[in-house]
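J.: My file is coords.pdb. It has PDB, C-alpha atoms:
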ATOM      1  CA  MET A  14     200.701  48.836 142.156
ATOM      2  CA  SER A  15     198.559  51.797 141.195
ATOM      3  CA  ASP A  16     195.377  51.333 139.191
ATOM      4  CA  GLN A  17     194.165  54.907 138.892
ATOM      5  CA  GLY A  18     191.361  53.955 136.533
ATOM      6  CA  LYS A  19     189.251  52.632 139.386
ATOM      7  CA  ARG A  20     186.567  54.846 140.869
ATOM      8  CA  SER A  21     184.577  54.717 144.084
ATOM      9  CA  SER A  22     181.300  53.896 142.422
ATOM     10  CA  ALA A  23     179.009  50.976 141.884
ATOM     11  CA  SER A  24     179.419  49.768 138.324
ATOM     12  CA  ARG A  25     177.076  47.772 136.221
ATOM     13  CA  SER A  26     177.471  44.083 135.763
ATOM     14  CA  ALA A  27     179.696  43.165 132.814
ATOM     15  CA  ARG A  28     176.789  41.527 131.034
ATOM     16  CA  PRO A  29     173.461  42.848 132.314
ATOM     17  CA  GLY A  30     170.675  40.313 132.244
ATOM     18  CA  LYS A  31     173.016  37.394 131.583
ATOM     19  CA  LYS A  32     172.075  34.335 133.629
ATOM     20  CA  ALA A  33     174.710  32.556 135.654
ATOM     21  CA  GLN A  34     175.973  29.466 133.899
ATOM     22  CA  ALA A  35     176.920  27.569 137.048
ATOM     23  CA  VAL A  36     174.719  26.515 139.949
ATOM     24  CA  GLN A  37     174.774  29.180 142.650
ATOM     25  CA  PRO A  38     175.994  28.074 146.109
ATOM     26  CA  ALA A  39     173.256  27.443 148.679
ATOM     27  CA  HIS A  40     175.160  29.252 151.440
ATOM     28  CA  PRO A  41     177.166  32.480 151.523
ATOM     29  CA  CYS A  42     180.705  31.983 150.206
ATOM     30  CA  ILE A  43     183.835  34.022 149.706
ATOM     31  CA  GLY A  44     186.339  33.897 146.877
ATOM     32  CA  LEU A  45     189.413  36.028 146.166
ATOM     33  CA  GLU A  46     191.113  36.915 142.899
ATOM     34  CA  ALA A  47     194.346  38.711 142.038
ATOM     35  CA  GLU A  48     195.418  40.197 138.712
ATOM     36  CA  PHE A  49     199.017  40.668 137.587
ATOM     37  CA  THR A  50     200.689  42.506 134.742
ATOM     38  CA  LEU A  51     203.363  40.439 132.966
ATOM     39  CA  TYR A  52     206.827  41.697 132.070
ATOM     40  CA  VAL A  53     209.192  39.679 129.879
ATOM     41  CA  ASP A  54     212.841  40.776 129.959
ATOM     42  CA  GLY A  55     211.702  44.095 131.410
ATOM     43  CA  ARG A  56     209.043  44.756 128.750
ATOM     44  CA  LYS A  57     205.311  44.725 129.426
ATOM     45  CA  ARG A  58     203.675  41.923 127.462
ATOM     46  CA  LEU A  59     200.212  40.470 127.052
ATOM     47  CA  PRO A  60     200.096  36.946 128.522
ATOM     48  CA  GLU A  61     198.019  35.808 125.527
ATOM     49  CA  HIS A  62     200.889  36.713 123.229
ATOM     50  CA  VAL A  63     203.534  34.996 125.339
ATOM     51  CA  PHE A  64     201.723  31.789 126.404
ATOM     52  CA  ARG A  65     198.638  31.776 124.128
ATOM     53  CA  ASN A  66     196.708  29.771 126.739
ATOM     54  CA  PRO A  67     196.903  29.421 130.560
ATOM     55  CA  ARG A  68     197.532  25.690 130.253
ATOM     56  CA  HIS A  69     200.891  26.492 128.640
ATOM     57  CA  VAL A  70     202.010  28.170 131.866
ATOM     58  CA  VAL A  71     201.623  25.067 134.048
ATOM     59  CA  ARG A  72     203.631  21.919 133.440
ATOM     60  CA  GLU A  73     200.982  19.548 134.835
ATOM     61  CA  PRO A  74     197.760  18.751 132.943
ATOM     62  CA  MET A  75     194.930  21.163 133.726
ATOM     63  CA  ILE A  76     191.149  20.761 133.564
ATOM     64  CA  PRO A  77     189.189  23.496 131.749
ATOM     65  CA  ARG A  78     186.507  25.367 133.696
ATOM     66  CA  THR A  79     183.554  27.460 132.561
ATOM     67  CA  GLY A  80     184.690  30.240 130.258
ATOM     68  CA  ARG A  81     188.413  30.710 129.680
ATOM     69  CA  SER A  82     189.717  29.605 133.073
ATOM     70  CA  TRP A  83     191.590  26.417 133.986
ATOM     71  CA  HIS A  84     191.805  24.493 137.251
ATOM     72  CA  LEU A  85     195.188  24.754 138.935
ATOM     73  CA  PRO A  86     196.691  21.625 140.524
ATOM     74  CA  SER A  87     196.976  23.752 143.695
ATOM     75  CA  GLY A  88     193.173  23.992 143.881
ATOM     76  CA  GLY A  89     192.480  27.427 142.425
ATOM     77  CA  ALA A  90     192.016  28.732 138.907
ATOM     78  CA  LEU A  91     194.113  30.552 136.324
ATOM     79  CA  TYR A  92     193.048  32.608 133.321
ATOM     80  CA  PHE A  93     193.974  35.579 131.175
ATOM     81  CA  ASP A  94     191.670  38.581 131.484
ATOM     82  CA  THR A  95     192.074  41.601 129.189
ATOM     83  CA  GLY A  96     195.844  41.569 129.191
ATOM     84  CA  VAL A  97     196.569  40.421 132.738
ATOM     85  CA  ILE A  98     197.171  37.083 134.451
ATOM     86  CA  GLU A  99     194.393  36.365 136.941
ATOM     87  CA  VAL A 100     194.629  33.849 139.780
ATOM     88  CA  ALA A 101     191.560  32.842 141.807
ATOM     89  CA  THR A 102     190.804  30.765 144.878
ATOM     90  CA  PRO A 103     188.106  28.092 145.053
ATOM     91  CA  ILE A 104     184.905  29.282 146.717
ATOM     92  CA  ILE A 105     184.976  28.907 150.503
ATOM     93  CA  GLU A 106     181.807  28.726 152.592
ATOM     94  CA  ILE A 107     181.610  31.628 155.006
ATOM     95  CA  GLY A 108     182.182  30.635 158.609
ATOM     96  CA  ARG A 109     184.733  31.014 161.370
ATOM     97  CA  GLY A 110     188.197  31.464 159.863
ATOM     98  CA  CYS A 111     186.974  31.535 156.251
ATOM     99  CA  CYS A 112     188.753  34.789 155.360
ATOM    100  CA  VAL A 113     192.047  33.472 156.701
ATOM    101  CA  ARG A 114     191.619  30.322 154.585
ATOM    102  CA  ALA A 115     190.706  32.387 151.518
ATOM    103  CA  GLY A 116     193.690  34.700 151.960
ATOM    104  CA  ARG A 117     196.117  31.836 152.462
ATOM    105  CA  SER A 118     194.622  30.001 149.493
ATOM    106  CA  LEU A 119     195.117  32.988 147.206
ATOM    107  CA  TRP A 120     198.776  33.333 148.147
ATOM    108  CA  GLU A 121     199.238  29.584 147.691
ATOM    109  CA  GLN A 122     197.858  29.897 144.141
ATOM    110  CA  ILE A 123     200.157  32.869 143.487
ATOM    111  CA  ALA A 124     203.181  30.952 144.783
ATOM    112  CA  PHE A 125     202.312  27.944 142.613
ATOM    113  CA  VAL A 126     202.014  30.073 139.464
ATOM    114  CA  ARG A 127     205.283  31.824 140.299
ATOM    115  CA  GLU A 128     207.054  28.445 140.543
ATOM    116  CA  GLU A 129     205.691  27.481 137.125
ATOM    117  CA  LEU A 130     206.896  30.774 135.676
ATOM    118  CA  ASP A 131     210.338  30.116 137.188
ATOM    119  CA  ALA A 132     210.425  26.794 135.329
ATOM    120  CA  TRP A 133     209.339  28.547 132.112
ATOM    121  CA  GLU A 134     212.194  31.029 132.581
ATOM    122  CA  ASP A 135     214.718  28.218 132.894
ATOM    123  CA  SER A 136     213.496  26.466 129.756
ATOM    124  CA  HIS A 137     213.107  29.578 127.566
ATOM    125  CA  GLY A 138     215.922  31.792 128.815
ATOM    126  CA  ASN A 139     213.679  34.818 129.463
ATOM    127  CA  ALA A 140     213.109  36.734 132.688
ATOM    128  CA  LEU A 141     209.460  36.954 133.782
ATOM    129  CA  ARG A 142     208.181  39.440 136.335
ATOM    130  CA  LEU A 143     204.687  39.815 137.768
ATOM    131  CA  GLU A 144     203.465  43.211 138.882
ATOM    132  CA  GLY A 145     200.417  43.313 141.150
ATOM    133  CA  PHE A 146     197.495  45.043 139.422
ATOM    134  CA  SER A 147     194.261  44.490 141.352
ATOM    135  CA  ALA A 148     192.489  42.267 143.870
ATOM    136  CA  HIS A 149     188.833  41.211 143.864
ATOM    137  CA  TYR A 150     186.843  40.178 146.927
ATOM    138  CA  ASN A 151     183.718  38.179 146.021
ATOM    139  CA  ILE A 152     180.979  37.661 148.609
ATOM    140  CA  SER A 153     177.913  35.623 147.673
ATOM    141  CA  VAL A 154     174.673  36.633 149.366
ATOM    142  CA  ALA A 155     172.758  33.408 148.734
ATOM    143  CA  GLY A 156     170.592  32.526 151.712
ATOM    144  CA  VAL A 157     171.071  35.990 153.235
ATOM    145  CA  CYS A 158     169.180  38.186 150.799
ATOM    146  CA  ARG A 159     167.625  37.253 147.475
ATOM    147  CA  GLU A 160     167.141  40.437 145.514
ATOM    148  CA  GLY A 161     166.407  41.218 141.896
ATOM    149  CA  GLU A 162     168.911  42.826 139.550
ATOM    150  CA  ARG A 163     167.654  46.332 140.327
ATOM    151  CA  ASP A 164     167.900  45.781 144.082
ATOM    152  CA  MET A 165     171.396  44.313 143.716
ATOM    153  CA  HIS A 166     172.493  47.541 142.044
ATOM    154  CA  ARG A 167     171.009  49.522 144.936
ATOM    155  CA  LEU A 168     172.793  47.247 147.401
ATOM    156  CA  ALA A 169     176.099  47.791 145.566
ATOM    157  CA  LEU A 170     175.600  51.563 145.607
ATOM    158  CA  LEU A 171     174.931  51.548 149.349
ATOM    159  CA  LEU A 172     177.997  49.396 149.982
ATOM    160  CA  THR A 173     180.136  51.820 147.990
ATOM    161  CA  TYR A 174     179.630  54.493 150.647
ATOM    162  CA  LEU A 175     180.101  52.080 153.559
ATOM    163  CA  LEU A 176     183.101  50.157 152.273
ATOM    164  CA  HIS A 177     185.259  52.826 150.696
ATOM    165  CA  PRO A 178     186.896  54.468 153.782
ATOM    166  CA  PRO A 179     187.883  51.281 155.694
ATOM    167  CA  VAL A 180     188.861  49.280 152.602
ATOM    168  CA  MET A 181     190.886  52.249 151.347
ATOM    169  CA  LEU A 182     192.879  52.227 154.587
ATOM    170  CA  LEU A 183     193.425  48.461 154.637
ATOM    171  CA  ALA A 184     193.971  47.506 151.017
ATOM    172  CA  ALA A 185     194.704  50.554 148.841
ATOM    173  CA  ASN A 186     197.808  52.703 148.462
ATOM    174  CA  ARG A 187     198.602  56.415 148.472
ATOM    175  CA  LEU A 188     198.570  56.727 144.698
ATOM    176  CA  SER A 189     195.250  54.990 144.165
ATOM    177  CA  THR A 190     192.517  54.848 146.796
ATOM    178  CA  GLY A 191     189.643  53.862 144.520
ATOM    179  CA  VAL A 192     187.316  51.068 145.636
ATOM    180  CA  GLY A 193     184.760  49.569 143.257
ATOM    181  CA  VAL A 194     181.618  47.613 144.108
ATOM    182  CA  ARG A 195     180.051  45.463 141.391
ATOM    183  CA  PRO A 196     176.698  43.638 141.553
ATOM    184  CA  ARG A 197     177.136  40.152 140.057
ATOM    185  CA  ASP A 198     173.963  38.038 140.055
ATOM    186  CA  ASP A 199     173.887  36.608 143.620
ATOM    187  CA  ARG A 200     177.217  38.048 144.741
ATOM    188  CA  ILE A 201     178.963  41.338 145.398
ATOM    189  CA  GLU A 202     182.447  41.920 144.002
ATOM    190  CA  VAL A 203     184.671  44.530 145.646
ATOM    191  CA  THR A 204     187.695  45.628 143.628
ATOM    192  CA  VAL A 205     190.796  47.459 144.807
ATOM    193  CA  ASP A 206     194.476  47.636 143.929
ATOM    194  CA  PHE A 207     196.557  44.544 144.647
ATOM    195  CA  THR A 208     197.723  44.487 148.271
ATOM    196  CA  PRO A 209     201.220  42.917 148.532
ATOM    197  CA  ASP A 210     200.651  41.861 152.138
ATOM    198  CA  PRO A 211     198.765  38.664 153.085
ATOM    199  CA  ASP A 212     197.754  39.928 156.532
ATOM    200  CA  LEU A 213     196.282  43.176 155.191
ATOM    201  CA  MET A 214     194.484  41.261 152.462
ATOM    202  CA  ILE A 215     192.963  38.876 155.026
ATOM    203  CA  ALA A 216     191.931  41.850 157.168
ATOM    204  CA  ALA A 217     190.304  43.518 154.164
ATOM    205  CA  ALA A 218     188.467  40.302 153.259
ATOM    206  CA  SER A 219     187.177  39.943 156.832
ATOM    207  CA  LEU A 220     185.935  43.529 156.890
ATOM    208  CA  ILE A 221     184.268  43.270 153.479
ATOM    209  CA  ALA A 222     182.533  39.966 154.254
ATOM    210  CA  GLY A 223     181.261  41.259 157.596
ATOM    211  CA  ILE A 224     179.869  44.510 156.198
ATOM    212  CA  VAL A 225     178.300  42.944 153.094
ATOM    213  CA  LEU A 226     176.491  40.212 155.027
ATOM    214  CA  SER A 227     175.443  42.569 157.828
ATOM    215  CA  VAL A 228     173.953  45.031 155.334
ATOM    216  CA  CYS A 229     172.149  42.192 153.550
ATOM    217  CA  GLU A 230     170.638  40.981 156.823
ATOM    218  CA  TRP A 231     169.635  44.545 157.734
ATOM    219  CA  ARG A 232     167.934  45.098 154.376
ATOM    220  CA  THR A 233     166.099  41.779 154.668
ATOM    221  CA  MET A 234     164.906  42.687 158.164
ATOM    222  CA  ILE A 235     163.707  46.151 157.075
ATOM    223  CA  SER A 236     161.908  44.659 154.077
ATOM    224  CA  ALA A 237     160.172  42.048 156.240
ATOM    225  CA  ARG A 238     159.034  44.692 158.742
ATOM    226  CA  SER A 239     157.745  46.899 155.931
ATOM    227  CA  VAL A 240     155.714  44.025 154.498
ATOM    228  CA  ALA A 241     154.301  43.197 157.936
ATOM    229  CA  ALA A 242     153.336  46.830 158.460
ATOM    230  CA  GLY A 243     151.647  47.006 155.067
ATOM    231  CA  PHE A 244     154.080  49.478 153.522
ATOM    232  CA  LEU A 245     155.142  47.052 150.739
TER     233      LEU A 245
END
Translate the structure described by the file into structure tokens.
T.:
Amino acid sequence: MSDQGKRSSASRSARPGKKAQAVQPAHPCIGLEAEFTLYVDGRKRLPEHVFRNPRHVVREPMIPRTGRSWHLPSGGALYFDTGVIEVATPIIEIGRGCCVRAGRSLWEQIAFVREELDAWEDSHGNALRLEGFSAHYNISVAGVCREGERDMHRLALLLTYLLHPPVMLLAANRLSTGVGVRPRDDRIEVTVDFTPDPDLMIAAASLIAGIVLSVCEWRTMISARSVAAGFL
């Protein structure tokens, strides 16, 4: 679905200067997220108003995570984020086939949540519909480049120009071709409209991971050569 509010620009971190609460992974990882708008009996509703808490969506007991998210029995995470339902994969270490695993994992989490919503429909007598809103591709750069907050913003700005054309073709739609790049501590988050096709989403994840890590390695190499030559 269209999300015309997105722009092709590097945005600031949601909370500048805020330290990560969790231990950062030692190796580069990928994680995918998908956001959905909720409709109840054809009317757009806030999930907080309908369910109050993500744990009321799932019939099985759930374990709380950092912040407002909850562990899904299917291995991912579920939370409500500014009026949408957000589903996330676990982090997956980058290696051969990692983007395929991440893409499949995301759709497995989506299918699990949809089954739980089907059960909620049966018990409450209301029709629930999810409308794809956005997708987020998170690539950690730990072990590839360790840059300060200012350099991460520069990295995100550079990636904006490199990522926008190919990601637009793979993951966006004709009504909204915006691609966002956000610097997040030791990771880069690329945002685009939700892509209702697993294969295209996996292709987009593969492209994004390859470009982000390649650019990080290039910047690290240039920096090392500049230091050796006495320029830095």
J.: Using all atoms listed in the file, find each residue of range 98-198 of chain A with at least one atom at most 9 Å away from an atom of range 78-86 of chain A; report its shortest atom-to-atom pair and that distance in Å (one decimal), sort the rows by chain and rising residue number, and return the result as JSON lines.
T.:
{"residue": "A:Gln122", "atom": "CA", "partner": "A:Leu85", "partner_atom": "CA", "distance": 7.8}
{"residue": "A:Phe125", "atom": "CA", "partner": "A:Leu85", "partner_atom": "CA", "distance": 8.6}
{"residue": "A:Val126", "atom": "CA", "partner": "A:Leu85", "partner_atom": "CA", "distance": 8.7}
J.: With all atoms listed in the file as the counted atoms, please give the residues lying no more than 9 Å from range 128-130 of chain A, apart from itself and same-chain residues fewer than 5 positions off, as an mmCIF file with C-alpha atoms, in the frame of the given file.
T.:
data_model
loop_
_atom_site.group_PDB
_atom_site.id
_atom_site.type_symbol
_atom_site.label_atom_id
_atom_site.label_comp_id
_atom_site.auth_asym_id
_atom_site.auth_seq_id
_atom_site.Cartn_x
_atom_site.Cartn_y
_atom_site.Cartn_z
ATOM 1 C CA VAL A 70 202.010 28.170 131.866
ATOM 2 C CA VAL A 71 201.623 25.067 134.048
ATOM 3 C CA ARG A 72 203.631 21.919 133.440
ATOM 4 C CA ILE A 123 200.157 32.869 143.487
ATOM 5 C CA ASP A 135 214.718 28.218 132.894
ATOM 6 C CA LEU A 141 209.460 36.954 133.782
ATOM 7 C CA ARG A 142 208.181 39.440 136.335
#
J.: Evaluate the PyMOL selection byres ((chain A and resi 40-49) around 6) against this structure - the residues, as a PyMOL selection string, please.
T.: chain A and resi 38-39+50+97-102+104-107+143-156
J.: May I have the residues within 9 Å of Ile221 in chain A as a ChimeraX atom specification, using all atoms listed in the file and disregarding those fewer than 4 positions away in the same chain?
T.: /A:150,152,176,180,203,216-217,225-226
J.: Measuring atom to atom with only C-alpha atoms, identify which of A:Gly96, A:Gly88, A:Leu51, A:Glu230 is nearest to Ser118 in chain A.
T.: A:Gly88
J.: Separation of CA of Arg200 in chain A and CA of Ala222 in chain A, in Å?
T.: 11.1 Å
